[in-house]
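> Have a look at this one.
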Amino acid sequence: MRSASLVSSKTSLAFHSWTIDTGPLVESNVEIWREIRDSLAKGKVESAAAALRQHLEYVSRFLADQLGASVVFHADGNYELGELLPNVIGRLKELYGKAADAAQSWGNIELRDAAARSKEALSRASGAQNVEQWAVNKAVHYNEWANFGKKDFGPVVDSFAELLACVSCDVCGSWLHVSFSKGTAEALRCDCSAVNFNLKPKSK
Ligand SMILES: [Zn+2]
């Protein structure tokens with residue numbers, strides 16, 4: 001829907017869950033974080049964990065598409081978070097690297113440094129212990145979240161909030177995407193262009 005510009009970034013909605021009875025339940029990104037933190041404040045770790053897991057699965061799937069991450073195709077459309085999120089992070093790091101190289105080739109040092117800083121922030125957030133443990137390490141199943149205490153689960157929520165802040169725009173809130181021209185990746189950007197990294201190096 002978003003790529004067809006039918007809805008704006010601020011109003012774009014996540015299909016939060018789907019059942020035969022209710023159809024898709026839609027909530028915005030902001031509402032989902034509020035719901036997760038509210039549940040946690042009430043000590044309902046199980047609800048917070050379920051909401052966080054669904055949100056991460058939705059966002060990872062969406063970003064894999066928007067950023068062109070390499071993910072092994074499944075005909076049944078079922079993807080585990082552990083196979084999506086690490087590829088999304090890897091792809092975004094690669095894009096920031098390409099953006100830094102392109103800026104360097106054009107002599108735009110400011111933009112080169114901005115791309116390098118974004119890559120560093122992403123590396124820090126994705127290297128956070130909670131993210132590594134729960135999303136990247138496939139051996140650990142995050143069903144165990146439900147057994148966490150409130151105090152233990154708070155830092156997990158914070159780590160993922162920080163990670164998702166690295167893949168969205170501070171200004172407009174939209175998720176980052178790659179724009180193409182004639183089949184070539186041209187820019188890494190958000191909807192308002194506050195994030196707008198050229199990916200095309202100067203031809204030699
Ligand atoms: Zn923006």
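In the structure tokens, the first chain shown is A, the next is B, and so on; residue numbers restart at 1 for each chain, and ligands run from 1 in the order shown.
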For the structure I just gave you, how does DSSP split chain A - specifically, which residues are strand (DSSP E)? Reply as a ChimeraX atom specification.
/A:14-19,23-27,177-181,184-189,196-198
> Would you list the contacts of Arg112 (chain A) as a ChimeraX atom specification, taking every protein, DNA or RNA residue within 6 Å and counting only C-alpha atoms, but skipping same-chain residues closer than 3 positions in sequence?
/A:100,103-104,109,115
> Can you spit out the residues from that selection as a PDB file, in the first residue's frame, using C-alpha atoms?

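Result file follows (out_28.pdb):
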ATOM      1  CA  ALA A 100      29.538   6.472   2.193  1.00  0.00           C
ATOM      2  CA  ALA A 103      29.472  10.415  -1.178  1.00  0.00           C
ATOM      3  CA  GLN A 104      33.261  10.043  -1.091  1.00  0.00           C
ATOM      4  CA  ILE A 109      32.594  14.576   3.022  1.00  0.00           C
ATOM      5  CA  ALA A 115      26.445   7.618   6.343  1.00  0.00           C
TER       6      ALA A 115
END
> Give me, as CSV, each residue of chain A that comes within 7 Å of ligand 1, together with its shortest interatomic pair and the distance in Å at one decimal, counting only C-alpha atoms and all ligand atoms, with rows ordered by chain and rising residue number.

residue,atom,partner,partner_atom_place_in_ligand_line,distance
A:Cys169,CA,ligand 1,1 (Zn),4.6
A:Asp170,CA,ligand 1,1 (Zn),6.6
A:Val171,CA,ligand 1,1 (Zn),5.0
A:Cys172,CA,ligand 1,1 (Zn),4.0
A:Gly173,CA,ligand 1,1 (Zn),6.1
A:Ser174,CA,ligand 1,1 (Zn),6.0
A:Cys190,CA,ligand 1,1 (Zn),4.6
A:Asp191,CA,ligand 1,1 (Zn),5.0
A:Cys192,CA,ligand 1,1 (Zn),3.9
A:Ser193,CA,ligand 1,1 (Zn),5.2
A:Ala194,CA,ligand 1,1 (Zn),4.7
A:Val195,CA,ligand 1,1 (Zn),5.8
> Kindly provide the residues of region 171-192 of chain A that approach region 53-73 of chain A to within 8 Å, each paired with its closest atom pair and their distance in Å to one decimal, based on only C-alpha atoms, listed by chain and increasing number, as a tab-separated table.

residue	atom	partner	partner_atom	distance
A:Trp175	CA	A:Leu63	CA	7.5
A:Leu176	CA	A:Gln66	CA	7.4
A:His177	CA	A:Gln66	CA	4.9
A:Val178	CA	A:Leu67	CA	5.3
> Give me, as a PDB file with C-alpha atoms, in the first residue's frame, the residues of region 41-73 of chain A that a backbone DSSP run labels helix (DSSP H, G or I).

ATOM      1  CA  ALA A  41       4.017  -1.393  33.227  1.00  0.00           C
ATOM      2  CA  VAL A  45       5.068  -9.576  30.294  1.00  0.00           C
ATOM      3  CA  GLU A  46       3.381 -12.241  28.195  1.00  0.00           C
ATOM      4  CA  SER A  47       1.230  -9.685  26.335  1.00  0.00           C
ATOM      5  CA  ALA A  48       4.171  -7.315  25.910  1.00  0.00           C
ATOM      6  CA  ALA A  49       6.302 -10.163  24.560  1.00  0.00           C
ATOM      7  CA  ALA A  50       3.635 -11.277  22.097  1.00  0.00           C
ATOM      8  CA  ALA A  51       3.121  -7.728  20.823  1.00  0.00           C
ATOM      9  CA  LEU A  52       6.863  -7.121  20.480  1.00  0.00           C
ATOM     10  CA  ARG A  53       7.375 -10.374  18.622  1.00  0.00           C
ATOM     11  CA  GLN A  54       4.527  -9.681  16.182  1.00  0.00           C
ATOM     12  CA  HIS A  55       5.747  -6.148  15.597  1.00  0.00           C
ATOM     13  CA  LEU A  56       9.332  -7.273  14.936  1.00  0.00           C
ATOM     14  CA  GLU A  57       8.122  -9.947  12.531  1.00  0.00           C
ATOM     15  CA  TYR A  58       5.962  -7.469  10.663  1.00  0.00           C
ATOM     16  CA  VAL A  59       8.659  -4.784  10.470  1.00  0.00           C
ATOM     17  CA  SER A  60      11.387  -7.255   9.436  1.00  0.00           C
ATOM     18  CA  ARG A  61       9.250  -8.651   6.644  1.00  0.00           C
ATOM     19  CA  PHE A  62       8.312  -5.188   5.461  1.00  0.00           C
ATOM     20  CA  LEU A  63      11.900  -3.900   5.562  1.00  0.00           C
ATOM     21  CA  ALA A  64      13.287  -6.988   3.811  1.00  0.00           C
ATOM     22  CA  ASP A  65      11.062  -5.957   0.920  1.00  0.00           C
ATOM     23  CA  GLN A  66      11.686  -2.188   1.120  1.00  0.00           C
ATOM     24  CA  LEU A  67      15.463  -2.513   1.360  1.00  0.00           C
TER      25      LEU A  67
END
> Name the residues in contact with Ser181 (chain A) at a cut-off of 12 Å, using only C-alpha atoms, excluding same-chain residues fewer than 4 positions from it; report them as a PDB file with C-alpha atoms, in the first residue's frame.

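Output file around_39.pdb follows:
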ATOM      1  CA  ALA A 185      19.385   1.246  -6.578  1.00  0.00           C
ATOM      2  CA  GLU A 186      19.644   5.021  -6.589  1.00  0.00           C
ATOM      3  CA  ALA A 187      19.069   6.224  -3.037  1.00  0.00           C
ATOM      4  CA  ASN A 198      22.747   8.828  -2.813  1.00  0.00           C
ATOM      5  CA  LEU A 199      23.921   5.320  -3.721  1.00  0.00           C
ATOM      6  CA  LYS A 200      25.312   6.125  -7.160  1.00  0.00           C
TER       7      LYS A 200
END
> Taking only C-alpha atoms into account, name the residue in A:Ser105, A:Leu40, A:Val30, A:Ala165 that is nearest to Lys151 (chain A).
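Smallest distance to Lys151 (chain A) is found for A:Leu40.
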> Counting only C-alpha atoms, which of A:Gly43, A:Leu122, A:Glu162, A:Ile32 gets nearest to Ala146 (chain A)?
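Of all the options, A:Gly43 lies closest to Ala146 (chain A).
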> Mind checking which residues fall within 12 Å of Glu120 (chain A), counting only C-alpha atoms, ignoring those fewer than 4 positions away in the same chain, and posting them as a list in words?
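Non-adjacent residues within range: Ile89, Leu92, Lys93, Glu94, Tyr96, Gly97, Ala100, Asp113, Ala114, Ala115, Ala116, Arg124, Ala125, Ser126, Gly127, Leu163 and Cys166 of chain A.
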> Got time to write the residues from that selection, N, CA and C atoms, as a short mmCIF file (atom, residue, chain, number, x, y, z; two decimals), in the first residue's frame?

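The file below, again21.cif, is the result:
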data_model
loop_
_atom_site.label_atom_id
_atom_site.label_comp_id
_atom_site.auth_asym_id
_atom_site.auth_seq_id
_atom_site.Cartn_x
_atom_site.Cartn_y
_atom_site.Cartn_z
N ILE A 89 19.31 -6.19 8.70
CA ILE A 89 20.39 -5.38 9.31
C ILE A 89 21.63 -5.41 8.42
N LEU A 92 21.11 -3.24 5.39
CA LEU A 92 21.16 -1.80 5.67
C LEU A 92 22.60 -1.34 5.92
N LYS A 93 23.40 -2.18 6.56
CA LYS A 93 24.82 -1.86 6.76
C LYS A 93 25.51 -1.73 5.40
N GLU A 94 25.19 -2.65 4.52
CA GLU A 94 25.77 -2.64 3.17
C GLU A 94 25.37 -1.34 2.44
N TYR A 96 24.50 1.57 3.80
CA TYR A 96 25.22 2.72 4.39
C TYR A 96 26.66 2.76 3.88
N GLY A 97 27.27 1.57 3.70
CA GLY A 97 28.62 1.50 3.15
C GLY A 97 28.67 2.04 1.73
N ALA A 100 28.29 5.79 1.79
CA ALA A 100 29.54 6.47 2.19
C ALA A 100 30.51 6.51 1.01
N ASP A 113 30.42 11.18 6.06
CA ASP A 113 30.51 11.00 7.51
C ASP A 113 29.15 10.68 8.12
N ALA A 114 28.11 11.29 7.57
CA ALA A 114 26.75 11.02 8.08
C ALA A 114 26.38 9.56 7.84
N ALA A 115 26.73 9.03 6.66
CA ALA A 115 26.45 7.62 6.34
C ALA A 115 27.24 6.70 7.27
N ALA A 116 28.50 7.08 7.53
CA ALA A 116 29.35 6.27 8.41
C ALA A 116 28.79 6.27 9.84
N ARG A 124 25.95 -0.65 16.55
CA ARG A 124 25.84 -0.64 18.02
C ARG A 124 24.51 -1.24 18.46
N ALA A 125 23.43 -0.76 17.82
CA ALA A 125 22.09 -1.20 18.23
C ALA A 125 21.89 -2.69 17.93
N SER A 126 22.41 -3.14 16.78
CA SER A 126 22.20 -4.55 16.42
C SER A 126 23.14 -5.47 17.19
N GLY A 127 24.21 -4.89 17.74
CA GLY A 127 25.14 -5.69 18.52
C GLY A 127 24.78 -5.73 19.99
N LEU A 163 16.95 -0.29 18.13
CA LEU A 163 17.28 -0.86 16.82
C LEU A 163 16.32 -0.33 15.75
N CYS A 166 16.89 3.00 14.31
CA CYS A 166 17.97 3.08 13.30
C CYS A 166 17.47 2.76 11.89
#
> Rank A:Asn147, A:Ser118, A:Asn78, A:Asn196 by their smallest atom-to-atom distance to Ser179 (chain A), using only C-alpha atoms, and report the top residue only.
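For Ser179 (chain A), the nearest of the candidates is A:Asn196.
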> For a test of reading the model, state the distance in Å between CA of Gln133 (chain A) and CA of Lys150 (chain A), rounded to one decimal.
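These two atoms are separated by 17.8 Å.
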> Considering only C-alpha atoms, can you say which of A:Ala121, A:Leu164, A:Lys182, A:Lys204 comes closest to Asn29 (chain A)?
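Looking at the shortest contact to Asn29 (chain A), the residue is A:Leu164.
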> To one decimal place, how far is CA of Ile36 (chain A) from CA of Asp158 (chain A) in Å?
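Computed distance, CA of Ile36 (chain A) to CA of Asp158 (chain A), equals 10.7 Å.
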> Suppose you want the space between CA of Ser159 (chain A) and CA of Ser39 (chain A); what is it in Å?
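If I compute the distance from CA of Ser159 (chain A) to CA of Ser39 (chain A), I get 16.9 Å.
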